[in-house]
file target30.cif (mmCIF, C-alpha atoms)
data_model
loop_
_atom_site.label_atom_id
_atom_site.label_comp_id
_atom_site.auth_asym_id
_atom_site.auth_seq_id
_atom_site.Cartn_x
_atom_site.Cartn_y
_atom_site.Cartn_z
CA MET A 1 160.54 -59.48 131.54
CA LYS A 2 163.13 -56.88 132.56
CA ARG A 3 165.17 -57.41 135.69
CA ALA A 4 166.51 -54.66 137.90
CA GLU A 5 170.27 -54.73 138.27
CA ASP A 6 171.81 -55.12 141.72
CA ASP A 7 172.65 -51.42 141.88
CA GLY A 8 169.07 -50.45 141.10
CA THR A 9 169.60 -49.15 137.57
CA ASP A 10 167.28 -50.16 134.77
CA PRO A 11 169.24 -52.48 132.44
CA ALA A 12 167.28 -51.37 129.35
CA THR A 13 168.07 -47.70 130.01
CA GLU A 14 171.68 -48.54 130.84
CA ALA A 15 172.20 -50.37 127.54
CA PHE A 16 170.49 -47.65 125.51
CA VAL A 17 172.53 -44.87 127.09
CA ALA A 18 175.76 -46.84 126.64
CA HIS A 19 175.16 -47.16 122.90
CA ARG A 20 173.29 -43.94 122.24
CA ASN A 21 176.13 -42.14 120.43
CA LEU A 22 176.67 -45.15 118.18
CA LEU A 23 172.95 -45.38 117.39
CA PHE A 24 172.76 -41.65 116.62
CA THR A 25 175.74 -41.97 114.28
CA VAL A 26 174.17 -44.94 112.46
CA ALA A 27 170.89 -43.05 112.01
CA TYR A 28 172.60 -39.81 110.97
CA GLU A 29 174.76 -41.53 108.34
CA MET A 30 171.68 -43.20 106.91
CA LEU A 31 169.56 -40.05 106.91
CA GLY A 32 171.90 -37.05 106.65
CA SER A 33 169.61 -35.31 109.13
CA ALA A 34 170.30 -34.87 112.82
CA ALA A 35 166.68 -33.99 113.56
CA ASP A 36 165.44 -37.17 111.88
CA ALA A 37 168.19 -39.19 113.57
CA GLU A 38 166.97 -37.94 116.96
CA ASP A 39 163.42 -38.97 116.04
CA VAL A 40 164.70 -42.43 115.07
CA LEU A 41 166.39 -42.74 118.46
CA GLN A 42 163.09 -41.93 120.17
CA GLU A 43 161.36 -44.64 118.15
CA THR A 44 164.21 -47.04 118.88
CA TRP A 45 163.87 -46.42 122.62
CA LEU A 46 160.12 -47.06 122.57
CA ARG A 47 160.65 -50.42 120.89
CA TRP A 48 163.67 -51.30 123.02
CA ALA A 49 161.77 -50.54 126.23
CA ALA A 50 159.23 -53.23 125.32
CA VAL A 51 161.83 -55.94 124.61
CA ASP A 52 162.37 -58.92 126.93
CA LEU A 53 166.06 -58.48 127.72
CA ASP A 54 166.39 -62.11 128.84
CA ALA A 55 165.85 -63.10 125.19
CA VAL A 56 168.51 -60.69 123.86
CA ARG A 57 171.93 -62.24 123.32
CA ASP A 58 173.77 -59.11 122.08
CA ARG A 59 172.22 -55.83 123.21
CA ARG A 60 174.39 -53.64 120.96
CA ALA A 61 173.50 -55.65 117.86
CA TYR A 62 169.82 -55.67 118.79
CA LEU A 63 169.76 -51.90 119.27
CA VAL A 64 171.56 -51.33 115.96
CA ARG A 65 169.00 -53.58 114.28
CA ILE A 66 166.06 -51.58 115.66
CA THR A 67 167.72 -48.28 114.72
CA THR A 68 168.47 -49.47 111.20
CA ARG A 69 164.91 -50.59 110.59
CA GLN A 70 163.48 -47.34 111.90
CA ALA A 71 165.97 -45.32 109.84
CA LEU A 72 165.10 -47.29 106.69
CA THR A 73 161.41 -46.51 107.17
CA ARG A 74 162.17 -42.82 107.66
CA LEU A 75 164.65 -42.77 104.76
CA ARG A 76 161.93 -43.87 102.35
CA THR A 77 159.65 -41.12 103.69
CA LEU A 78 162.44 -38.56 103.35
CA GLY A 79 162.96 -39.60 99.74
CA ARG A 80 159.41 -38.60 98.93
CA ARG A 81 159.83 -35.34 100.87
CA LYS A 82 163.01 -34.43 99.00
CA GLU A 83 161.18 -34.70 95.67
CA SER A 84 159.34 -31.45 96.51
CA TYR A 85 162.29 -29.75 98.26
CA VAL A 86 163.06 -26.24 97.02
CA GLY A 87 166.55 -26.13 95.50
CA SER A 88 169.42 -28.45 96.41
CA TRP A 89 169.07 -30.68 99.46
CA LEU A 90 172.19 -30.77 101.64
CA PRO A 91 172.87 -32.84 104.78
CA GLU A 92 172.35 -31.18 108.13
CA PRO A 93 175.74 -29.95 109.40
CA LEU A 94 176.94 -31.03 112.82
CA LEU A 95 179.35 -29.17 115.07
CA THR A 96 181.77 -31.94 115.98
CA ALA A 97 184.46 -32.39 118.60
CA PRO A 98 188.14 -32.75 117.61
CA ASP A 99 188.12 -36.47 118.41
CA VAL A 100 185.84 -37.12 115.42
CA ALA A 101 188.53 -35.78 113.09
CA GLU A 102 191.06 -38.09 114.74
CA ASP A 103 189.07 -41.12 113.56
CA VAL A 104 189.85 -40.69 109.86
CA GLU A 105 187.38 -43.31 108.65
CA LEU A 106 184.54 -41.92 110.75
CA ALA A 107 185.29 -38.34 109.68
CA ASP A 108 185.37 -39.41 106.02
CA SER A 109 182.04 -41.22 106.35
CA VAL A 110 180.22 -38.18 107.80
CA SER A 111 181.80 -35.54 105.55
CA MET A 112 179.38 -33.48 103.48
CA ALA A 113 180.91 -34.89 100.30
CA MET A 114 180.45 -38.51 101.40
CA LEU A 115 176.92 -37.97 102.71
CA LEU A 116 175.98 -36.56 99.30
CA VAL A 117 177.44 -39.68 97.67
CA LEU A 118 175.37 -41.85 100.03
CA GLU A 119 172.29 -39.92 98.89
CA THR A 120 172.70 -41.56 95.47
CA LEU A 121 172.26 -45.06 96.93
CA ALA A 122 168.93 -46.84 97.30
CA PRO A 123 167.79 -47.05 100.97
CA THR A 124 168.80 -50.70 101.53
CA GLU A 125 172.12 -50.16 99.73
CA ARG A 126 172.83 -47.20 101.96
CA ALA A 127 172.05 -49.16 105.10
CA VAL A 128 174.22 -52.09 104.05
CA PHE A 129 177.11 -49.84 103.03
CA VAL A 130 177.04 -47.84 106.27
CA LEU A 131 176.76 -50.89 108.54
CA ARG A 132 179.48 -52.81 106.71
CA GLU A 133 182.00 -50.19 105.63
CA VAL A 134 181.71 -47.74 108.52
CA PHE A 135 180.69 -49.90 111.47
CA ASP A 136 182.20 -53.19 110.28
CA LEU A 137 179.16 -55.30 111.17
CA ALA A 138 179.15 -58.93 110.07
CA TYR A 139 177.02 -59.79 107.04
CA GLU A 140 174.82 -61.97 109.24
CA GLU A 141 174.09 -59.04 111.59
CA ILE A 142 173.32 -56.74 108.66
CA ALA A 143 171.04 -59.38 107.13
CA GLU A 144 168.91 -59.37 110.29
CA ALA A 145 168.77 -55.58 110.31
CA VAL A 146 167.62 -55.22 106.67
CA ASP A 147 165.56 -58.44 106.40
CA LYS A 148 167.70 -59.99 103.67
CA SER A 149 169.73 -63.18 103.45
CA PRO A 150 173.48 -62.94 104.15
CA ALA A 151 174.14 -63.87 100.51
CA ALA A 152 171.89 -61.05 99.29
CA VAL A 153 173.59 -58.62 101.68
CA ARG A 154 177.01 -59.55 100.26
CA GLN A 155 175.77 -58.76 96.76
CA ILE A 156 174.23 -55.47 97.87
CA ALA A 157 177.44 -54.52 99.69
CA HIS A 158 179.54 -55.25 96.59
CA ARG A 159 177.22 -53.16 94.41
CA ALA A 160 177.14 -50.28 96.91
CA ARG A 161 180.93 -50.27 97.30
CA ALA A 162 181.41 -50.02 93.54
CA HIS A 163 178.84 -47.23 93.32
CA VAL A 164 180.46 -45.23 96.13
CA ALA A 165 184.02 -45.82 94.86
CA ALA A 166 183.11 -44.27 91.51
CA ARG A 167 181.77 -41.11 93.17
CA ARG A 168 183.59 -40.58 96.45
CA PRO A 169 186.33 -37.98 97.00
CA ARG A 170 189.54 -39.08 95.30
CA GLY A 171 191.64 -39.56 98.40
CA ALA A 172 192.09 -38.70 102.05
CA VAL A 173 192.92 -35.04 102.64
CA SER A 174 194.56 -33.95 105.87
CA PRO A 175 192.69 -31.49 108.09
CA ALA A 176 195.70 -29.16 107.75
CA GLU A 177 195.34 -29.11 103.96
CA THR A 178 191.62 -28.40 104.16
CA ARG A 179 192.18 -25.73 106.80
CA GLY A 180 194.88 -24.11 104.64
CA ALA A 181 192.59 -23.94 101.64
CA LEU A 182 189.73 -22.52 103.73
CA ASP A 183 192.01 -19.94 105.40
CA ALA A 184 193.07 -18.67 101.96
CA PHE A 185 189.43 -18.72 100.86
CA GLN A 186 188.39 -16.72 103.94
CA ARG A 187 191.12 -14.08 103.43
CA ALA A 188 190.14 -13.62 99.79
CA VAL A 189 186.43 -13.28 100.60
CA GLU A 190 187.01 -10.84 103.47
CA THR A 191 189.28 -8.60 101.36
CA GLY A 192 187.29 -8.90 98.13
CA ASP A 193 190.34 -10.36 96.40
CA LEU A 194 188.85 -11.99 93.29
CA GLN A 195 192.14 -13.38 91.99
CA GLY A 196 193.06 -14.66 95.43
CA LEU A 197 189.71 -16.44 95.60
CA LEU A 198 190.17 -17.92 92.13
CA ASP A 199 193.54 -19.27 93.28
CA THR A 200 191.81 -21.35 95.98
CA LEU A 201 189.22 -22.90 93.65
CA ALA A 202 189.57 -25.82 91.28
CA PRO A 203 188.52 -24.97 87.69
CA ASP A 204 185.51 -27.29 87.94
CA VAL A 205 184.50 -26.35 91.51
CA VAL A 206 180.81 -26.86 92.31
CA LEU A 207 178.82 -24.67 94.71
CA LEU A 208 175.62 -26.09 96.22
CA GLY A 209 173.29 -24.02 98.36
CA ASP A 210 170.45 -25.13 100.64
CA GLY A 211 168.00 -22.49 101.80
CA GLY A 212 165.08 -24.91 102.02
CA GLY A 213 162.81 -22.34 100.39
CA VAL A 214 163.16 -20.22 103.55
CA LYS A 215 166.46 -18.40 102.96
CA LYS A 216 167.79 -17.21 99.63
CA ALA A 217 170.24 -19.71 98.11
CA VAL A 218 171.35 -20.85 94.68
CA LEU A 219 168.63 -23.19 93.42
CA ARG A 220 170.91 -25.12 91.07
CA PRO A 221 174.57 -26.10 91.30
CA ILE A 222 176.97 -23.34 90.21
CA VAL A 223 179.89 -24.84 88.30
CA GLY A 224 183.25 -23.25 87.48
CA ALA A 225 185.77 -21.18 89.42
CA ASP A 226 184.96 -17.86 87.76
CA LYS A 227 181.19 -18.15 88.30
CA VAL A 228 181.58 -19.30 91.91
CA ALA A 229 184.18 -16.65 92.79
CA ARG A 230 182.19 -13.77 91.32
CA LEU A 231 179.01 -14.95 93.03
CA MET A 232 180.77 -15.22 96.40
CA ILE A 233 182.55 -11.86 96.15
CA GLY A 234 179.49 -10.06 94.81
CA GLY A 235 177.03 -11.56 97.27
CA LEU A 236 179.14 -11.09 100.37
CA ALA A 237 180.22 -7.57 99.42
CA LYS A 238 176.59 -6.48 99.87
CA VAL A 239 176.62 -7.51 103.53
CA ALA A 240 180.30 -6.88 104.29
CA ALA A 241 179.60 -4.49 107.17
CA ALA A 242 177.51 -7.04 109.03
CA LEU A 243 179.50 -10.12 108.01
CA SER A 244 181.86 -12.27 110.05
CA LEU A 245 183.50 -15.52 108.97
CA ARG A 246 184.94 -17.89 111.55
CA PRO A 247 186.61 -21.29 111.26
CA THR A 248 184.91 -24.23 112.91
CA GLN A 249 184.75 -28.03 112.80
CA VAL A 250 181.78 -29.50 110.93
CA ASN A 251 181.20 -33.21 110.38
CA GLY A 252 184.76 -33.98 111.37
CA HIS A 253 186.33 -31.48 108.95
CA PRO A 254 187.37 -27.81 108.95
CA ALA A 255 184.58 -25.49 107.79
CA LEU A 256 183.46 -21.87 108.05
CA VAL A 257 180.55 -20.29 109.90
CA LEU A 258 179.12 -17.11 108.46
CA ARG A 259 177.29 -14.75 110.80
CA LEU A 260 175.32 -11.62 109.95
CA ASP A 261 175.02 -9.11 112.78
CA GLY A 262 176.17 -11.86 115.12
CA GLU A 263 173.44 -14.31 114.10
CA LEU A 264 174.29 -17.66 112.53
CA ASP A 265 173.41 -17.39 108.84
CA THR A 266 175.35 -20.02 106.86
CA VAL A 267 177.53 -23.05 107.43
CA LEU A 268 180.03 -23.41 104.61
CA ALA A 269 181.67 -26.83 104.28
CA ALA A 270 184.19 -27.70 101.59
CA ARG A 271 185.67 -30.59 99.70
CA VAL A 272 189.37 -30.20 98.94
CA ASP A 273 191.39 -32.17 96.38
CA ASP A 274 195.07 -31.55 95.62
CA GLY A 275 195.05 -28.36 97.67
CA LEU A 276 192.13 -26.76 95.80
CA ILE A 277 188.47 -26.47 96.77
CA THR A 278 186.43 -28.70 94.47
CA GLY A 279 183.12 -28.51 96.36
CA LEU A 280 181.42 -25.82 98.44
CA TYR A 281 178.30 -26.65 100.45
CA ALA A 282 176.41 -23.64 101.82
CA VAL A 283 173.67 -24.60 104.28
CA ARG A 284 171.33 -21.69 105.09
CA ASN A 285 168.08 -23.47 105.89
CA PRO A 286 167.44 -22.41 109.53
CA GLU A 287 165.90 -25.80 110.35
CA LYS A 288 169.23 -27.43 109.52
CA LEU A 289 171.37 -25.17 111.70
CA SER A 290 169.92 -26.04 115.12
CA HIS A 291 172.68 -28.55 115.91
CA MET A 292 175.42 -25.94 115.40
CA GLY A 293 174.89 -24.60 118.90
CA ARG A 294 176.42 -27.62 120.63
CA GLU A 295 178.87 -30.36 119.80
CA SER A 296 177.42 -33.62 118.54
CA VAL A 297 179.19 -36.75 119.79
CA LEU A 298 179.65 -39.33 117.05
CA SER A 299 181.11 -42.77 117.62
CA ARG A 300 181.67 -46.19 116.11
#

call {"tool": "encode", "arguments": {"input": "target30.cif", "output": "structure tokens"}}
result
Amino acid sequence: MKRAEDDGTDPATEAFVAHRNLLFTVAYEMLGSAADAEDVLQETWLRWAAVDLDAVRDRRAYLVRITTRQALTRLRTLGRRKESYVGSWLPEPLLTAPDVAEDVELADSVSMAMLLVLETLAPTERAVFVLREVFDLAYEEIAEAVDKSPAAVRQIAHRARAHVAARRPRGAVSPAETRGALDAFQRAVETGDLQGLLDTLAPDVVLLGDGGGVKKAVLRPIVGADKVARLMIGGLAKVAAALSLRPTQVNGHPALVLRLDGELDTVLAARVDDGLITGLYAVRNPEKLSHMGRESVLSR
């Protein structure tokens, strides 16, 4: 039975609000979708509100456990939904505050490139990896959250780490290096400088587009600097008069926002290695751009 605190505040609400940003971050890293993460938080609150707080030893751990279980259920549903998704599925971009970039490990874990790597994990592997590697939870806590033994969780964590290590970006890249590459990219696109654009792209650069079947986007990955550069120059030249490109901060990293006639059209995130752009992620699906109107607060 819940008890009112001396100051009159509801202890269940107080605990939930205190950990809300953490819970959102856990759900978002597991799902790659801010909208679904918000739904998970609603489900978490409904279950948390019915808990007898006198029986809860660690409120933070208990809340993370509820969130993880709800996110796992939704992740399995999302997997089925993605099977019929039109074109490439990309994570939902978040407009993030500068302090997210200052936490290098957090920024790395929510980058577009890393979220796409996490997409290749099985649901339980993803949950274990996120809770252990990003949030540094003890194996015993994770075991309770995913309904496995601590020994099984250790094995899953080892397998997930190896899987991610083989696919993750090669090394940490400073925000200044990413910003420099994107500034050069922006100048080349705005001036129609094909050679200048080629100079910003790695030979094996990959462009992924997500229009969700609503907006026009490349349906399959475009690979190679020449193909990507010509597609970008040619496509944007057609709307040059209405086009504006502006730098922004997405998922803890520098990115670009493309507007047409002042309306948000595309969020363009990038992966940079050795000073060159190796990955471009163009999110155009309107349903995935709703969180670009306000900063999302992420925390560990």

call {"tool": "residues_around", "arguments": {"input": "target30.cif", "residues": "stretch 73-77 of chain A", "least_positions_apart": "4", "cutoff": "9 Å", "atoms": "all atoms listed in the file", "output": "number ranges by chain"}}
result
A: 30-31, 36, 40, 68-69, 81-82, 123

call {"tool": "closest_residue", "arguments": {"input": "target30.cif", "among": "A:Asn251, A:Thr178, A:Ser88, A:Ser290", "to": "A:Asp274", "atoms": "only C-alpha atoms"}}
result
A:Thr178

call {"tool": "resolve_selection", "arguments": {"input": "target30.cif", "expression": "the PyMOL selection byres ((chain A and resi 112) around 10)", "output": "ChimeraX atom specification"}}
result
/A:32,90-94,107-111,113-118,250-253,269-271,279-281

call {"tool": "closest_residue", "arguments": {"input": "target30.cif", "among": "A:Ala97, A:Ala37, A:Pro286, A:Tyr62", "to": "A:Phe24", "atoms": "all atoms listed in the file"}}
result
A:Ala37

call {"tool": "resolve_selection", "arguments": {"input": "target30.cif", "expression": "the PyMOL selection byres ((chain A and resi 21) around 12)", "output": "PyMOL selection string"}}
result
chain A and resi 15-20+22-28+37-38+41+60+63-64+67+296-300

call {"tool": "write_last_selection", "arguments": {"input": "target30.cif", "atoms": "C-alpha atoms", "output": "mmCIF file, in the coordinates of the input"}}
result
data_model
loop_
_atom_site.group_PDB
_atom_site.id
_atom_site.type_symbol
_atom_site.label_atom_id
_atom_site.label_comp_id
_atom_site.auth_asym_id
_atom_site.auth_seq_id
_atom_site.Cartn_x
_atom_site.Cartn_y
_atom_site.Cartn_z
ATOM 1 C CA ALA A 15 172.200 -50.370 127.540
ATOM 2 C CA PHE A 16 170.490 -47.650 125.510
ATOM 3 C CA VAL A 17 172.530 -44.870 127.090
ATOM 4 C CA ALA A 18 175.760 -46.840 126.640
ATOM 5 C CA HIS A 19 175.160 -47.160 122.900
ATOM 6 C CA ARG A 20 173.290 -43.940 122.240
ATOM 7 C CA LEU A 22 176.670 -45.150 118.180
ATOM 8 C CA LEU A 23 172.950 -45.380 117.390
ATOM 9 C CA PHE A 24 172.760 -41.650 116.620
ATOM 10 C CA THR A 25 175.740 -41.970 114.280
ATOM 11 C CA VAL A 26 174.170 -44.940 112.460
ATOM 12 C CA ALA A 27 170.890 -43.050 112.010
ATOM 13 C CA TYR A 28 172.600 -39.810 110.970
ATOM 14 C CA ALA A 37 168.190 -39.190 113.570
ATOM 15 C CA GLU A 38 166.970 -37.940 116.960
ATOM 16 C CA LEU A 41 166.390 -42.740 118.460
ATOM 17 C CA ARG A 60 174.390 -53.640 120.960
ATOM 18 C CA LEU A 63 169.760 -51.900 119.270
ATOM 19 C CA VAL A 64 171.560 -51.330 115.960
ATOM 20 C CA THR A 67 167.720 -48.280 114.720
ATOM 21 C CA SER A 296 177.420 -33.620 118.540
ATOM 22 C CA VAL A 297 179.190 -36.750 119.790
ATOM 23 C CA LEU A 298 179.650 -39.330 117.050
ATOM 24 C CA SER A 299 181.110 -42.770 117.620
ATOM 25 C CA ARG A 300 181.670 -46.190 116.110
#

call {"tool": "atom_distance", "arguments": {"input": "target30.cif", "atom1": "atom CA of A:Glu263", "atom2": "atom CA of A:Ala229"}}
result
24.0 Å

call {"tool": "residues_around", "arguments": {"input": "target30.cif", "residues": "stretch 258-262 of chain A", "least_positions_apart": "4", "cutoff": "9 Å", "atoms": "all atoms listed in the file", "output": "VMD selection string"}}
result
chain A and resid 239 to 246 266 to 268

call {"tool": "decode", "arguments": {"input": "target30.cif", "residues": "stretch 46-79 of chain A", "atoms": "C-alpha atoms", "output": "PDB file, in the first residue's frame"}}
result
ATOM      1  CA  LEU A  46       0.474   1.960 -15.194  1.00  0.00           C
ATOM      2  CA  ARG A  47       2.269  -1.056 -13.755  1.00  0.00           C
ATOM      3  CA  TRP A  48       4.373   1.012 -11.366  1.00  0.00           C
ATOM      4  CA  ALA A  49       1.293   2.788 -10.009  1.00  0.00           C
ATOM      5  CA  ALA A  50      -0.116  -0.571  -8.898  1.00  0.00           C
ATOM      6  CA  VAL A  51       3.053  -1.685  -7.070  1.00  0.00           C
ATOM      7  CA  ASP A  52       3.269  -1.861  -3.269  1.00  0.00           C
ATOM      8  CA  LEU A  53       6.223   0.460  -2.668  1.00  0.00           C
ATOM      9  CA  ASP A  54       6.829  -0.997   0.803  1.00  0.00           C
ATOM     10  CA  ALA A  55       7.926  -4.211  -0.935  1.00  0.00           C
ATOM     11  CA  VAL A  56      10.341  -2.426  -3.312  1.00  0.00           C
ATOM     12  CA  ARG A  57      13.952  -2.348  -2.146  1.00  0.00           C
ATOM     13  CA  ASP A  58      15.442  -0.391  -5.086  1.00  0.00           C
ATOM     14  CA  ARG A  59      12.948   1.799  -6.939  1.00  0.00           C
ATOM     15  CA  ARG A  60      15.312   2.638  -9.808  1.00  0.00           C
ATOM     16  CA  ALA A  61      16.085  -1.024 -10.470  1.00  0.00           C
ATOM     17  CA  TYR A  62      12.422  -1.966 -10.248  1.00  0.00           C
ATOM     18  CA  LEU A  63      11.414   0.730 -12.732  1.00  0.00           C
ATOM     19  CA  VAL A  64      14.172  -0.301 -15.150  1.00  0.00           C
ATOM     20  CA  ARG A  65      12.958  -3.893 -14.871  1.00  0.00           C
ATOM     21  CA  ILE A  66       9.372  -2.938 -15.761  1.00  0.00           C
ATOM     22  CA  THR A  67      10.557  -0.747 -18.648  1.00  0.00           C
ATOM     23  CA  THR A  68      12.804  -3.474 -20.014  1.00  0.00           C
ATOM     24  CA  ARG A  69      10.052  -6.067 -19.977  1.00  0.00           C
ATOM     25  CA  GLN A  70       7.605  -3.736 -21.681  1.00  0.00           C
ATOM     26  CA  ALA A  71      10.222  -2.743 -24.268  1.00  0.00           C
ATOM     27  CA  LEU A  72      11.020  -6.401 -24.988  1.00  0.00           C
ATOM     28  CA  THR A  73       7.355  -7.127 -25.652  1.00  0.00           C
ATOM     29  CA  ARG A  74       7.103  -4.139 -27.980  1.00  0.00           C
ATOM     30  CA  LEU A  75      10.431  -4.953 -29.666  1.00  0.00           C
ATOM     31  CA  ARG A  76       9.112  -8.342 -30.745  1.00  0.00           C
ATOM     32  CA  THR A  77       5.978  -6.665 -32.142  1.00  0.00           C
ATOM     33  CA  LEU A  78       8.109  -4.090 -33.959  1.00  0.00           C
ATOM     34  CA  GLY A  79      10.155  -6.879 -35.521  1.00  0.00           C
TER      35      GLY A  79
END
